[in-house]
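K.L.:
File entry_4.pdb below, PDB, C-alpha atoms:
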```
ATOM      1  CA  MET A1222       6.808  13.914  11.309  1.00  0.00           C
ATOM      2  CA  PRO A1223       3.500  14.190   9.428  1.00  0.00           C
ATOM      3  CA  ILE A1224       3.591  13.047   5.817  1.00  0.00           C
ATOM      4  CA  ILE A1225       0.716  14.291   3.678  1.00  0.00           C
ATOM      5  CA  GLN A1226       0.320  12.531   0.340  1.00  0.00           C
ATOM      6  CA  VAL A1227      -2.038  13.925  -2.302  1.00  0.00           C
ATOM      7  CA  SER A1228      -2.974  12.320  -5.625  1.00  0.00           C
ATOM      8  CA  LEU A1229      -4.307  14.711  -8.224  1.00  0.00           C
ATOM      9  CA  ILE A1230      -4.839  14.924 -11.956  1.00  0.00           C
ATOM     10  CA  GLN A1231      -1.895  16.444 -13.822  1.00  0.00           C
ATOM     11  CA  GLY A1232      -2.183  19.973 -15.079  1.00  0.00           C
ATOM     12  CA  ARG A1233      -1.723  22.339 -12.137  1.00  0.00           C
ATOM     13  CA  SER A1234       0.863  25.079 -12.414  1.00  0.00           C
ATOM     14  CA  GLU A1235       3.950  25.200 -10.222  1.00  0.00           C
ATOM     15  CA  ASP A1236       2.413  28.170  -8.389  1.00  0.00           C
ATOM     16  CA  GLN A1237      -0.773  26.204  -7.669  1.00  0.00           C
ATOM     17  CA  LYS A1238       1.192  23.236  -6.369  1.00  0.00           C
ATOM     18  CA  ALA A1239       3.362  25.483  -4.188  1.00  0.00           C
ATOM     19  CA  ALA A1240       0.215  27.110  -2.756  1.00  0.00           C
ATOM     20  CA  LEU A1241      -1.259  23.673  -1.993  1.00  0.00           C
ATOM     21  CA  ILE A1242       1.932  22.566  -0.249  1.00  0.00           C
ATOM     22  CA  GLN A1243       1.921  25.734   1.843  1.00  0.00           C
ATOM     23  CA  ALA A1244      -1.769  25.389   2.741  1.00  0.00           C
ATOM     24  CA  LEU A1245      -1.380  21.739   3.754  1.00  0.00           C
ATOM     25  CA  THR A1246       1.668  22.579   5.860  1.00  0.00           C
ATOM     26  CA  ASP A1247      -0.283  25.393   7.536  1.00  0.00           C
ATOM     27  CA  ALA A1248      -3.159  22.989   8.220  1.00  0.00           C
ATOM     28  CA  ALA A1249      -0.883  20.411   9.856  1.00  0.00           C
ATOM     29  CA  GLU A1250       0.766  23.081  11.971  1.00  0.00           C
ATOM     30  CA  ASN A1251      -2.537  24.641  13.064  1.00  0.00           C
ATOM     31  CA  SER A1252      -4.576  21.477  13.591  1.00  0.00           C
ATOM     32  CA  ILE A1253      -2.119  19.123  15.273  1.00  0.00           C
ATOM     33  CA  GLY A1254       0.680  21.451  16.331  1.00  0.00           C
ATOM     34  CA  ALA A1255       3.236  19.909  14.000  1.00  0.00           C
ATOM     35  CA  PRO A1256       6.421  21.941  13.658  1.00  0.00           C
ATOM     36  CA  ARG A1257       6.526  23.358  10.098  1.00  0.00           C
ATOM     37  CA  ASP A1258       9.945  21.887   9.434  1.00  0.00           C
ATOM     38  CA  SER A1259       8.690  18.399  10.258  1.00  0.00           C
ATOM     39  CA  VAL A1260       5.795  18.433   7.756  1.00  0.00           C
ATOM     40  CA  ARG A1261       6.344  16.579   4.482  1.00  0.00           C
ATOM     41  CA  VAL A1262       3.991  16.960   1.514  1.00  0.00           C
ATOM     42  CA  ILE A1263       4.132  14.624  -1.472  1.00  0.00           C
ATOM     43  CA  LEU A1264       2.128  15.472  -4.591  1.00  0.00           C
ATOM     44  CA  LEU A1265       1.510  12.549  -6.938  1.00  0.00           C
ATOM     45  CA  GLU A1266       0.308  13.684 -10.335  1.00  0.00           C
ATOM     46  CA  VAL A1267      -1.715  11.184 -12.332  1.00  0.00           C
ATOM     47  CA  PRO A1268      -2.437  11.486 -16.072  1.00  0.00           C
ATOM     48  CA  ASN A1269      -6.114  12.146 -16.784  1.00  0.00           C
ATOM     49  CA  THR A1270      -6.236   8.824 -18.665  1.00  0.00           C
ATOM     50  CA  ASP A1271      -5.238   6.993 -15.472  1.00  0.00           C
ATOM     51  CA  PHE A1272      -7.640   8.744 -13.083  1.00  0.00           C
ATOM     52  CA  GLY A1273     -11.200   7.425 -12.924  1.00  0.00           C
ATOM     53  CA  MET A1274     -14.440   8.837 -11.540  1.00  0.00           C
ATOM     54  CA  GLY A1275     -17.774   7.086 -11.711  1.00  0.00           C
ATOM     55  CA  GLY A1276     -16.462   4.388 -14.009  1.00  0.00           C
ATOM     56  CA  ARG A1277     -15.010   6.813 -16.562  1.00  0.00           C
ATOM     57  CA  THR A1278     -11.600   8.354 -17.080  1.00  0.00           C
ATOM     58  CA  ALA A1279     -11.063  11.963 -16.148  1.00  0.00           C
ATOM     59  CA  LYS A1280     -10.100  12.615 -19.770  1.00  0.00           C
ATOM     60  CA  SER A1281     -13.453  11.335 -21.038  1.00  0.00           C
ATOM     61  CA  LEU A1282     -15.138  13.669 -18.547  1.00  0.00           C
ATOM     62  CA  GLY A1283     -13.225  16.661 -19.883  1.00  0.00           C
ATOM     63  CA  ARG A1284     -10.901  17.016 -16.928  1.00  0.00           C
TER      64      ARG A1284
END
```
So, in terms of structure tokens, how does the structure I just supplied come out?
P.N.:
Amino acid sequence: MPIIQVSLIQGRSEDQKAALIQALTDAAENSIGAPRDSVRVILLEVPNTDFGMGGRTAKSLGR
């Protein structure tokens, strides 16, 4: 059972997150032959104040 865990900055719509889950499931099925029903996708949303890039918070970078 593949488990795909993704951390991303908060702010995506439910439709965007659903599309990501579908695309990741498709990728697992196509690349490693995983049965769709066995694929698990976990999205972990992080506030932009708690996500850093290049020593700065995502919020300070306008993200």
K.L.:
What's the 7 Å shell around stretch 1233-1246 of chain A, counting only C-alpha atoms, without same-chain residues fewer than 5 positions away, as a ChimeraX atom specification?
P.N.:
/A:1257,1260,1262
K.L.:
Quote the spacing between atom CA of A:Ile1225 and atom CA of A:Ile1253 in Å to one decimal place.
P.N.:
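Between atom CA of A:Ile1225 and atom CA of A:Ile1253 the gap works out to 12.9 Å.
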K.L.:
Using all atoms listed in the file, which residues sit within 8 Å of A:Pro1223 once same-chain residues fewer than 6 positions away are excluded, as an MDAnalysis selection string?
P.N.:
chainID A and resid 1249 1255 1259:1261
K.L.:
Ranking A:Ile1263, A:Leu1282, A:Leu1229, A:Met1222 by minimum distance to A:Glu1250 and counting all atoms listed in the file, which one comes first?
P.N.:
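When distances to A:Glu1250 are compared using all atoms listed in the file, the smallest one comes from A:Met1222.
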K.L.:
Nearest residue to A:Gln1226 out of A:Ser1252, A:Lys1280, A:Gly1275, A:Leu1265, using only C-alpha atoms?
P.N.:
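The closest residue to A:Gln1226 is A:Leu1265.
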K.L.:
Within 7 Å of A:Ile1230, counting all atoms listed in the file, which residues show up once you throw out same-chain ones fewer than 5 positions away? Write them as a VMD selection string, please.
P.N.:
chain A and resid 1266 to 1269 1272
K.L.:
Any idea what the distance is between atom CA of A:Leu1264 and atom CA of A:Val1227?
P.N.:
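According to the coordinates, atom CA of A:Leu1264 and atom CA of A:Val1227 are separated by 5.0 Å.
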